[in-house]
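**Q** This is upload.cif (mmCIF, C-alpha atoms and all ligand atoms).
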data_structure
loop_
_atom_site.label_atom_id
_atom_site.label_comp_id
_atom_site.auth_asym_id
_atom_site.auth_seq_id
_atom_site.Cartn_x
_atom_site.Cartn_y
_atom_site.Cartn_z
CA MET W 192 23.63 18.72 -3.16
CA LYS W 193 20.43 20.58 -3.86
CA GLY W 194 18.26 18.83 -6.41
CA SER W 195 20.10 15.52 -6.20
CA GLN W 196 18.00 12.35 -6.08
CA GLY W 197 18.55 11.85 -2.38
CA ASP W 198 17.65 15.16 -0.78
CA GLY W 199 13.93 14.65 -0.77
CA LYS W 200 12.48 18.14 -1.27
CA ALA W 201 9.03 18.03 -2.78
CA GLY W 202 8.99 18.17 -6.56
CA GLU W 203 12.74 18.40 -7.19
CA ASN W 204 13.87 16.48 -10.29
CA VAL W 205 10.24 15.67 -10.96
CA PRO W 206 8.39 16.62 -14.14
CA ASP W 207 5.63 19.19 -13.40
CA ARG W 208 2.76 16.85 -14.14
CA ARG W 209 3.98 14.40 -11.53
CA ARG W 210 4.48 16.83 -8.66
CA MET W 211 2.07 16.47 -5.79
CA LEU W 212 0.97 20.11 -5.71
CA ASN W 213 -2.82 20.28 -6.11
CA ARG W 214 -3.10 16.63 -7.07
CA ARG W 215 -6.37 15.07 -5.95
CA ILE W 216 -5.34 11.96 -4.04
CA TRP W 217 -7.38 9.33 -2.17
CA VAL W 218 -5.44 7.33 0.45
CA THR W 219 -7.08 4.34 2.14
CA GLY W 220 -5.88 2.98 5.47
CA ALA W 221 -4.88 6.52 6.43
CA SER W 222 -5.98 6.40 10.09
CA SER W 223 -2.65 4.95 11.28
CA GLY W 224 0.81 3.70 10.36
CA ILE W 225 2.11 4.06 6.81
CA GLY W 226 -1.14 5.50 5.41
CA ARG W 227 -1.25 8.19 8.11
CA SER W 228 2.39 9.21 7.50
CA LEU W 229 1.87 9.16 3.73
CA ALA W 230 -1.21 11.38 4.00
CA ILE W 231 0.76 13.91 6.06
CA GLU W 232 3.72 13.74 3.65
CA LEU W 233 1.50 14.28 0.59
CA ALA W 234 -0.43 17.08 2.30
CA HIS W 235 2.83 18.86 3.09
CA CYS W 236 3.68 18.66 -0.61
CA GLY W 237 0.45 20.47 -1.46
CA ALA W 238 -1.77 17.54 -2.47
CA ARG W 239 -5.54 17.75 -2.04
CA LEU W 240 -6.41 14.70 0.00
CA ALA W 241 -9.23 12.34 0.78
CA ILE W 242 -8.48 9.83 3.53
CA SER W 243 -10.26 6.61 4.49
CA GLY W 244 -10.29 4.05 7.27
CA ARG W 245 -12.97 2.68 9.60
CA ASP W 246 -12.09 4.83 12.61
CA ALA W 247 -13.62 8.27 11.98
CA ALA W 248 -12.10 9.83 15.13
CA ARG W 249 -8.56 8.80 14.20
CA LEU W 250 -9.12 9.99 10.62
CA ALA W 251 -10.18 13.39 11.94
CA GLU W 252 -6.93 13.57 13.94
CA VAL W 253 -4.92 12.73 10.83
CA ALA W 254 -6.81 15.39 8.88
CA ARG W 255 -5.80 17.91 11.57
CA ASP W 256 -2.16 16.75 11.32
CA CYS W 257 -2.31 17.27 7.56
CA ALA W 258 -3.17 20.92 8.27
CA GLY W 259 -5.04 21.48 5.04
CA ASP W 260 -8.33 20.86 3.32
CA VAL W 261 -8.78 17.10 3.75
CA LEU W 262 -11.90 15.11 2.91
CA VAL W 263 -12.52 12.47 5.58
CA LEU W 264 -14.28 9.37 4.25
CA PRO W 265 -14.80 6.73 6.96
CA MET W 266 -15.50 3.34 5.34
CA ASP W 267 -14.82 -0.38 5.40
CA VAL W 268 -12.76 -1.27 2.31
CA SER W 269 -14.01 -4.86 2.39
CA GLN W 270 -17.54 -3.63 1.59
CA ARG W 271 -18.09 -3.00 -2.11
CA GLU W 272 -20.93 -0.52 -1.42
CA ASP W 273 -18.69 1.53 0.91
CA ASN W 274 -16.20 1.93 -1.92
CA GLN W 275 -18.93 2.95 -4.36
CA MET W 276 -20.29 5.48 -1.88
CA ALA W 277 -16.80 6.86 -1.29
CA ALA W 278 -16.40 7.28 -5.06
CA GLN W 279 -19.62 9.29 -5.21
CA GLN W 280 -18.40 11.59 -2.45
CA LEU W 281 -15.00 11.90 -4.13
CA GLU W 282 -16.70 12.85 -7.39
CA ARG W 283 -18.84 15.48 -5.68
CA HIS W 284 -15.85 16.94 -3.83
CA PHE W 285 -13.05 16.72 -6.42
CA GLY W 286 -14.80 16.01 -9.73
CA ALA W 287 -12.06 13.44 -10.53
CA LEU W 288 -9.01 11.76 -8.99
CA ASP W 289 -5.39 12.15 -10.06
CA SER W 290 -3.96 9.45 -7.79
CA VAL W 291 -5.29 6.75 -5.53
CA VAL W 292 -3.23 4.88 -2.93
CA LEU W 293 -5.03 1.68 -1.90
CA ASN W 294 -3.11 0.98 1.26
CA ALA W 295 -5.58 -0.43 3.82
CA GLY W 296 -4.65 -3.83 5.16
CA ILE W 297 -4.50 -6.25 8.07
CA CYS W 298 -2.16 -9.08 9.01
CA GLU W 299 -2.88 -12.46 10.58
CA TYR W 300 -0.48 -15.38 10.81
CA VAL W 301 -1.24 -19.06 10.33
CA ASP W 302 0.00 -21.26 13.16
CA LEU W 303 -0.24 -24.94 12.27
CA PRO W 304 -1.73 -27.33 13.11
CA ALA W 305 -4.59 -24.79 13.18
CA PHE W 306 -5.22 -24.05 9.51
CA ASP W 307 -8.01 -21.54 9.95
CA ALA W 308 -9.84 -20.82 6.71
CA VAL W 309 -11.85 -18.08 8.42
CA SER W 310 -8.68 -16.15 9.24
CA ILE W 311 -7.29 -16.61 5.72
CA THR W 312 -10.48 -15.46 4.01
CA ARG W 313 -10.75 -12.51 6.44
CA VAL W 314 -7.29 -11.30 5.43
CA MET W 315 -8.03 -11.86 1.73
CA ASN W 316 -11.29 -10.02 2.13
CA VAL W 317 -9.75 -6.84 3.53
CA ASN W 318 -6.41 -6.84 1.70
CA PHE W 319 -7.25 -8.27 -1.72
CA ASN W 320 -11.02 -7.80 -2.14
CA GLY W 321 -10.75 -4.40 -0.47
CA LEU W 322 -8.19 -3.33 -3.05
CA VAL W 323 -10.24 -4.78 -5.91
CA TYR W 324 -13.31 -2.81 -4.79
CA GLY W 325 -11.15 0.30 -4.46
CA VAL W 326 -9.83 -0.09 -8.00
CA GLU W 327 -13.36 -0.58 -9.32
CA ALA W 328 -14.56 2.56 -7.55
CA ALA W 329 -11.57 4.73 -8.43
CA LEU W 330 -10.99 3.86 -12.09
CA PRO W 331 -13.82 5.99 -13.55
CA LEU W 332 -12.53 8.96 -11.54
CA LEU W 333 -8.91 8.33 -12.52
CA ARG W 334 -9.89 8.24 -16.21
CA ARG W 335 -10.90 11.90 -15.86
CA GLY W 336 -7.86 12.83 -13.76
CA VAL W 337 -4.56 14.55 -14.65
CA ALA W 338 -1.66 12.13 -15.32
CA PRO W 339 -3.61 9.45 -13.44
CA HIS W 340 -1.81 7.10 -11.12
CA LEU W 341 -3.08 3.93 -9.46
CA VAL W 342 -0.97 2.84 -6.48
CA GLY W 343 -1.54 -0.32 -4.45
CA MET W 344 0.02 -1.69 -1.27
CA SER W 345 1.67 -5.10 -1.58
CA SER W 346 4.73 -6.14 0.44
CA THR W 347 8.21 -7.65 0.02
CA VAL W 348 6.55 -10.81 1.36
CA ALA W 349 5.17 -11.16 -2.19
CA PHE W 350 8.75 -11.84 -3.39
CA VAL W 351 9.06 -15.08 -1.41
CA ALA W 352 6.50 -17.34 0.28
CA LEU W 353 7.35 -17.13 3.99
CA PRO W 354 6.32 -19.54 6.74
CA ARG W 355 3.17 -18.48 8.69
CA ALA W 356 2.30 -16.03 5.88
CA GLU W 357 -0.22 -18.26 4.08
CA ALA W 358 -2.93 -15.63 4.64
CA TYR W 359 -1.07 -12.32 4.58
CA GLY W 360 1.51 -13.32 1.93
CA SER W 361 -1.12 -14.77 -0.39
CA SER W 362 -3.12 -11.55 -0.22
CA LYS W 363 -0.05 -9.45 -1.01
CA ALA W 364 1.10 -11.75 -3.85
CA ALA W 365 -2.41 -11.60 -5.33
CA ILE W 366 -2.36 -7.80 -5.15
CA ARG W 367 1.00 -7.67 -6.91
CA TYR W 368 -0.22 -9.97 -9.70
CA LEU W 369 -3.47 -8.03 -10.12
CA LEU W 370 -1.66 -4.70 -10.38
CA GLN W 371 0.98 -6.05 -12.75
CA SER W 372 -1.80 -7.29 -15.05
CA LEU W 373 -3.68 -4.01 -14.76
CA ARG W 374 -0.54 -2.04 -15.60
CA VAL W 375 -0.48 -3.64 -19.04
CA ASP W 376 -4.22 -3.26 -19.61
CA LEU W 377 -4.30 0.37 -18.45
CA LEU W 378 -1.38 1.44 -20.64
CA PRO W 379 -3.62 2.52 -23.58
CA GLN W 380 -5.61 4.70 -21.14
CA LYS W 381 -2.39 6.27 -19.86
CA ILE W 382 -3.07 5.29 -16.25
CA ASP W 383 0.23 4.49 -14.53
CA VAL W 384 0.33 1.70 -11.95
CA SER W 385 2.76 1.46 -9.02
CA ILE W 386 3.08 -1.35 -6.51
CA ILE W 387 4.41 -0.56 -3.03
CA CYS W 388 6.49 -3.35 -1.49
CA PRO W 389 7.81 -2.38 1.93
CA GLY W 390 9.95 -4.48 4.22
CA PHE W 391 9.30 -4.05 7.95
CA VAL W 392 7.90 -0.66 8.97
CA LYS W 393 7.20 0.30 12.59
CA THR W 394 3.40 0.66 12.82
CA PRO W 395 0.58 -0.66 15.03
CA LEU W 396 0.46 -3.64 12.63
CA THR W 397 4.08 -4.71 13.19
CA ASP W 398 3.99 -3.74 16.88
CA LEU W 399 2.00 -6.96 17.32
CA ASN W 400 4.82 -9.10 15.88
CA ASP W 401 6.76 -11.17 18.41
CA PHE W 402 9.75 -11.99 16.19
CA PRO W 403 12.84 -10.04 15.11
CA MET W 404 12.16 -7.59 12.26
CA PRO W 405 15.47 -6.87 10.50
CA MET W 406 16.01 -3.41 8.99
CA ARG W 407 12.68 -2.09 10.32
CA ILE W 408 12.19 1.57 9.39
CA THR W 409 9.84 4.30 10.62
CA ALA W 410 6.49 5.06 9.00
CA GLU W 411 7.78 8.55 8.18
CA SER W 412 10.74 7.09 6.30
CA ALA W 413 8.39 4.71 4.46
CA ALA W 414 6.13 7.62 3.51
CA LEU W 415 9.08 9.53 2.06
CA SER W 416 10.13 6.52 -0.05
CA ILE W 417 6.56 6.10 -1.28
CA ARG W 418 6.11 9.77 -2.16
CA ARG W 419 9.40 9.81 -4.10
CA GLY W 420 8.53 6.54 -5.84
CA MET W 421 5.12 7.94 -6.77
CA GLU W 422 6.70 11.08 -8.23
CA ARG W 423 9.04 8.97 -10.34
CA ARG W 424 6.19 6.65 -11.33
CA GLN W 425 8.27 3.64 -10.26
CA HIS W 426 6.57 0.39 -11.22
CA GLU W 427 7.68 -1.16 -7.97
CA ILE W 428 8.33 1.05 -4.95
CA SER W 429 10.25 -1.39 -2.76
CA PHE W 430 12.25 -0.44 0.32
CA PRO W 431 14.47 -0.62 2.27
CA LYS W 432 16.61 -1.56 -0.73
CA ARG W 433 18.88 -4.09 0.99
CA PHE W 434 15.92 -5.91 2.51
CA SER W 435 14.02 -6.15 -0.77
CA VAL W 436 17.15 -7.49 -2.51
CA VAL W 437 17.49 -10.19 0.17
CA MET W 438 13.82 -11.13 -0.25
CA SER W 439 14.14 -11.24 -4.07
CA VAL W 440 17.24 -13.43 -3.86
CA LEU W 441 15.49 -15.77 -1.41
CA GLY W 442 12.55 -15.97 -3.81
CA ALA W 443 14.85 -16.85 -6.72
CA LEU W 444 16.63 -19.72 -4.91
CA PRO W 445 16.00 -23.31 -6.03
CA SER W 446 12.87 -24.53 -4.27
CA ARG W 447 14.52 -27.29 -2.19
CA LEU W 448 17.23 -24.98 -0.88
CA ARG W 449 14.74 -22.19 -0.17
CA THR W 450 12.38 -24.57 1.64
CA LYS W 451 15.22 -25.86 3.83
CA LEU W 452 16.41 -22.36 4.65
CA LEU W 453 12.92 -21.11 5.48
CA ARG W 454 12.15 -24.22 7.51
CA SER W 455 15.04 -23.33 9.79
CA LEU W 456 13.38 -19.95 10.38
CA SER W 457 9.89 -21.37 10.85
CA ARG W 458 8.39 -21.62 14.33
CA SER W 459 5.73 -24.00 13.09
CA THR W 460 5.35 -27.13 15.20
CA ALA W 461 3.34 -29.05 12.65
CA ALA W 462 4.65 -32.44 11.64
N1 LIG S 1 4.14 -2.25 8.55
C1 LIG S 1 4.78 -3.04 7.72
O1 LIG S 1 5.88 -3.54 8.03
C2 LIG S 1 4.21 -3.34 6.37
C3 LIG S 1 5.03 -3.99 5.43
C4 LIG S 1 4.52 -4.27 4.17
C5 LIG S 1 3.23 -3.89 3.84
N2 LIG S 1 2.45 -3.26 4.76
C6 LIG S 1 1.10 -2.89 4.39
O2 LIG S 1 0.92 -1.51 4.58
C7 LIG S 1 -0.47 -1.24 4.79
C8 LIG S 1 -0.61 -0.36 6.01
O3 LIG S 1 -0.20 -1.10 7.13
P1 LIG S 1 0.43 -0.45 8.44
O4 LIG S 1 1.64 -1.22 8.77
O5 LIG S 1 0.50 1.00 8.31
O6 LIG S 1 -0.66 -0.91 9.52
P2 LIG S 1 -1.72 -0.12 10.40
O7 LIG S 1 -1.06 0.98 11.15
O8 LIG S 1 -2.44 -1.16 11.15
O9 LIG S 1 -2.67 0.54 9.32
C9 LIG S 1 -3.63 -0.18 8.63
C10 LIG S 1 -4.65 0.79 8.07
O10 LIG S 1 -5.61 0.04 7.32
C11 LIG S 1 -6.90 0.41 7.77
N3 LIG S 1 -7.84 -0.71 7.65
C12 LIG S 1 -7.70 -1.97 8.12
N4 LIG S 1 -8.79 -2.68 7.83
C13 LIG S 1 -9.64 -1.85 7.18
C14 LIG S 1 -10.94 -2.00 6.63
N5 LIG S 1 -11.60 -3.16 6.68
N6 LIG S 1 -11.52 -0.94 6.03
C15 LIG S 1 -10.87 0.25 5.98
N7 LIG S 1 -9.63 0.45 6.46
C16 LIG S 1 -9.04 -0.59 7.06
C17 LIG S 1 -6.72 0.82 9.23
O11 LIG S 1 -7.75 1.73 9.60
P3 LIG S 1 -8.96 1.41 10.61
O12 LIG S 1 -8.43 0.52 11.68
O13 LIG S 1 -9.38 2.79 11.06
O14 LIG S 1 -10.00 0.77 9.75
C18 LIG S 1 -5.39 1.55 9.16
O15 LIG S 1 -5.58 2.87 8.76
C19 LIG S 1 -1.15 -2.60 4.92
O16 LIG S 1 -1.73 -2.96 3.70
C20 LIG S 1 0.01 -3.53 5.22
O17 LIG S 1 -0.24 -4.85 4.83
C21 LIG S 1 2.92 -2.97 6.02
#
Spell out the structure here as structure tokens.
Ligand SMILES: NC(=O)c1ccc[n+]([C@@H]2O[C@H](COP(=O)([O-])OP(=O)(O)OC[C@H]3O[C@@H](n4cnc5c(N)ncnc54)[C@H](OP(=O)(O)O)[C@@H]3O)[C@@H](O)[C@H]2O)c1
**A**
Amino acid sequence: MKGSQGDGKAGENVPDRRRMLNRRIWVTGASSGIGRSLAIELAHCGARLAISGRDAARLAEVARDCAGDVLVLPMDVSQREDNQMAAQQLERHFGALDSVVLNAGICEYVDLPAFDAVSITRVMNVNFNGLVYGVEAALPLLRRGVAPHLVGMSSTVAFVALPRAEAYGSSKAAIRYLLQSLRVDLLPQKIDVSIICPGFVKTPLTDLNDFPMPMRITAESAALSIRRGMERRQHEISFPKRFSVVMSVLGALPSRLRTKLLRSLSRSTAA
């Protein structure tokens, strides 16, 4: 039925101020995967976009796929100065930001007995510090934006501590906590905060996984869920629904039972 919640046309059932048309949106990690599909989805809904990632050539391709006026900002999110410089360019180009989607991220697994602090801090540096620097750079621009919206990429892994996810899961749990805290503190400034928590999405990141990924969806489907969740200003944009319920239930189990269950899934060979 036209206009029902499920049919996905841009802007339907969405208050005017929250539609994507002409919104000035910065998406990080837009050179591939979920960020790329989200940039294309938002561009098709009439947003004015700035896209970031390290690979300038791939960003230029995404900008072409967006088929609109897209500002390409190559940068390394884990460098505070890169974020500050991006903010200056965003200010010059747009004057302000209406939404920011801090999506850039990497994944590395911990395989005991090798507990590699370098790997863990590398993941924290890109995923968590990168998002922190992005928030710092974007907030002054969001304060001058229209119905401002801060959106950050966590994961359903933040709902339950999974084996081998000491690095990746910790970074995503830290992001979720940070954004939940910020949501409260930004309320008086009328800046909404949404946290994206996907299950498995088919992207170059998950293509490296060598284990079964139940309920894996496409990046296009993920982008649609994120765009709809952004329009509704959902606090937590988690999908696919059944997968996020399973992860929440696992996270709520008594610790001993959960540990036993997860141990049976773990491939760790550590004693
Ligand atoms: N795929 C999933 O199942 C899944 C599930 C939950 C959450 N997520 C999260 O979703 C986000 C996107 O992941 P994806 O699956 O779409 O993976 P992806 O295809 O590998 O995309 C990752 C993006 O992050 C960018 N990036 C990585 N390190 C960066 C850095 N230091 N500076 C700037 N940009 C950087 C990459 O661009 P460059 O290589 O050009 O720098 C790329 O555009 C990540 O935060 C990931 O943790 C993914």
**Q** So what do you get for atom C20 of ligand LIG 1 (chain S) versus CA of Ser412 (chain W), distance-wise?
**A**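 Computing it gives 15.1 Å between the two atoms.
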**Q** Between W:Thr397, W:Val392, W:Val351, W:Leu373, which one has atoms that come closest to Ala410 (chain W), using only C-alpha atoms?
**A** W:Val392
**Q** Dump the neighbourhood of ligand LIG 1 (chain S) as JSON, numbers by chain: all residues within 9 Å, distances computed on only C-alpha atoms and all ligand atoms.
**A** {"W": [219, 220, 221, 222, 223, 224, 225, 226, 227, 228, 243, 244, 245, 246, 247, 248, 249, 250, 265, 266, 267, 268, 269, 270, 293, 294, 295, 296, 297, 298, 316, 317, 318, 321, 343, 344, 345, 346, 347, 348, 359, 362, 363, 387, 388, 389, 390, 391, 392, 393, 394, 395, 396, 397, 398, 404, 407, 408, 409, 410]}
**Q** Counting all atoms listed in the file, which residues of region 376-433 of chain W fall within 9 Å of region 323-335 of chain W, and what is the closest atom pair for each with its distance in Å at one decimal, ordered by chain and rising number, as a tab-separated table?
**A**
residue	atom	partner	partner_atom	distance
W:Gln380	CA	W:Arg334	CA	7.4
W:Lys381	CA	W:Arg334	CA	8.6
W:Ile382	CA	W:Arg334	CA	7.4
**Q** Create the file for the chosen residues now, containing C-alpha atoms and written as a compact mmCIF listing (two decimals), in the frame of the given file.
**A**
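After the write, out-v9.txt holds the following:
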# COMPACT_ATOMS: atom_id res chain seq x y z
CA GLN W 380 -5.61 4.70 -21.14
CA LYS W 381 -2.39 6.27 -19.86
CA ILE W 382 -3.07 5.29 -16.25
**Q** Rounded to one decimal, what separation in Å do you get between CA of Val375 (chain W) and CA of Arg423 (chain W)?
**A**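 Taking CA of Val375 (chain W) as the start and CA of Arg423 (chain W) as the end point, the length is 18.0 Å.
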**Q** Which distance in Å separates CA of Tyr368 (chain W) and CA of Arg424 (chain W), to one decimal?
**A** 17.9 Å
**Q** Find the residue from W:Val342, W:Ala414, W:Leu453, W:Leu229 that sits nearest to His426 (chain W); use only C-alpha atoms when measuring.
**A** W:Val342
**Q** Kindly indicate which residue among W:Met211, W:Ala254, W:Leu369, W:Leu377 lies nearest to Cys236 (chain W), using only C-alpha atoms for the distances.
**A**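 For Cys236 (chain W), the nearest of the candidates is W:Met211.
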**Q** Pick the closest to Ala352 (chain W) from W:Cys257, W:Ala364, W:Ala277, W:Val440: which is it, counting all atoms listed in the file?
**A**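 Under the stated criterion, the closest residue is W:Ala364.
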**Q** Counting all atoms listed in the file, write as number ranges by chain all protein and nucleic acid residues lying at most 10 Å from (-4.7, 23.7, -8.9) in the file's frame.
**A** W: 212-215, 237-239
**Q** Could you save those same residues with C-alpha atoms as a PDB file, in the frame of the given file?
**A**
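This is the output file result-v1.pdb:
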ATOM      1  CA  LEU W 212       0.970  20.110  -5.710  1.00  0.00           C
ATOM      2  CA  ASN W 213      -2.820  20.280  -6.110  1.00  0.00           C
ATOM      3  CA  ARG W 214      -3.100  16.630  -7.070  1.00  0.00           C
ATOM      4  CA  ARG W 215      -6.370  15.070  -5.950  1.00  0.00           C
ATOM      5  CA  GLY W 237       0.450  20.470  -1.460  1.00  0.00           C
ATOM      6  CA  ALA W 238      -1.770  17.540  -2.470  1.00  0.00           C
ATOM      7  CA  ARG W 239      -5.540  17.750  -2.040  1.00  0.00           C
TER       8      ARG W 239
END
**Q** Between W:Ser385, W:Val253, W:Leu262, W:Pro379, single out the one closest to Arg419 (chain W), counting all atoms listed in the file.
**A**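 Among the listed residues, the smallest separation from Arg419 (chain W) belongs to W:Ser385.
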**Q** Using all atoms listed in the file for the distances, tell me which of W:Ser361, W:Ser429, W:Gln279, W:Ser416 is nearest to Met315 (chain W).
**A**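 Smallest distance to Met315 (chain W) is found for W:Ser361.
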**Q** Env of Leu441 (chain W): 12 Å cut, atoms = all atoms listed in the file, seq-sep filter 4 positions within chain, self excluded. Answer as a list of chain:residue names.
**A**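 The residues satisfying every condition are W:Thr347, W:Val348, W:Ala349, W:Phe350, W:Val351, W:Ala352, W:Leu353, W:Phe434, W:Ser435, W:Val436, W:Val437, W:Pro445, W:Ser446, W:Arg447, W:Leu448, W:Arg449, W:Thr450, W:Lys451, W:Leu452, W:Leu453.
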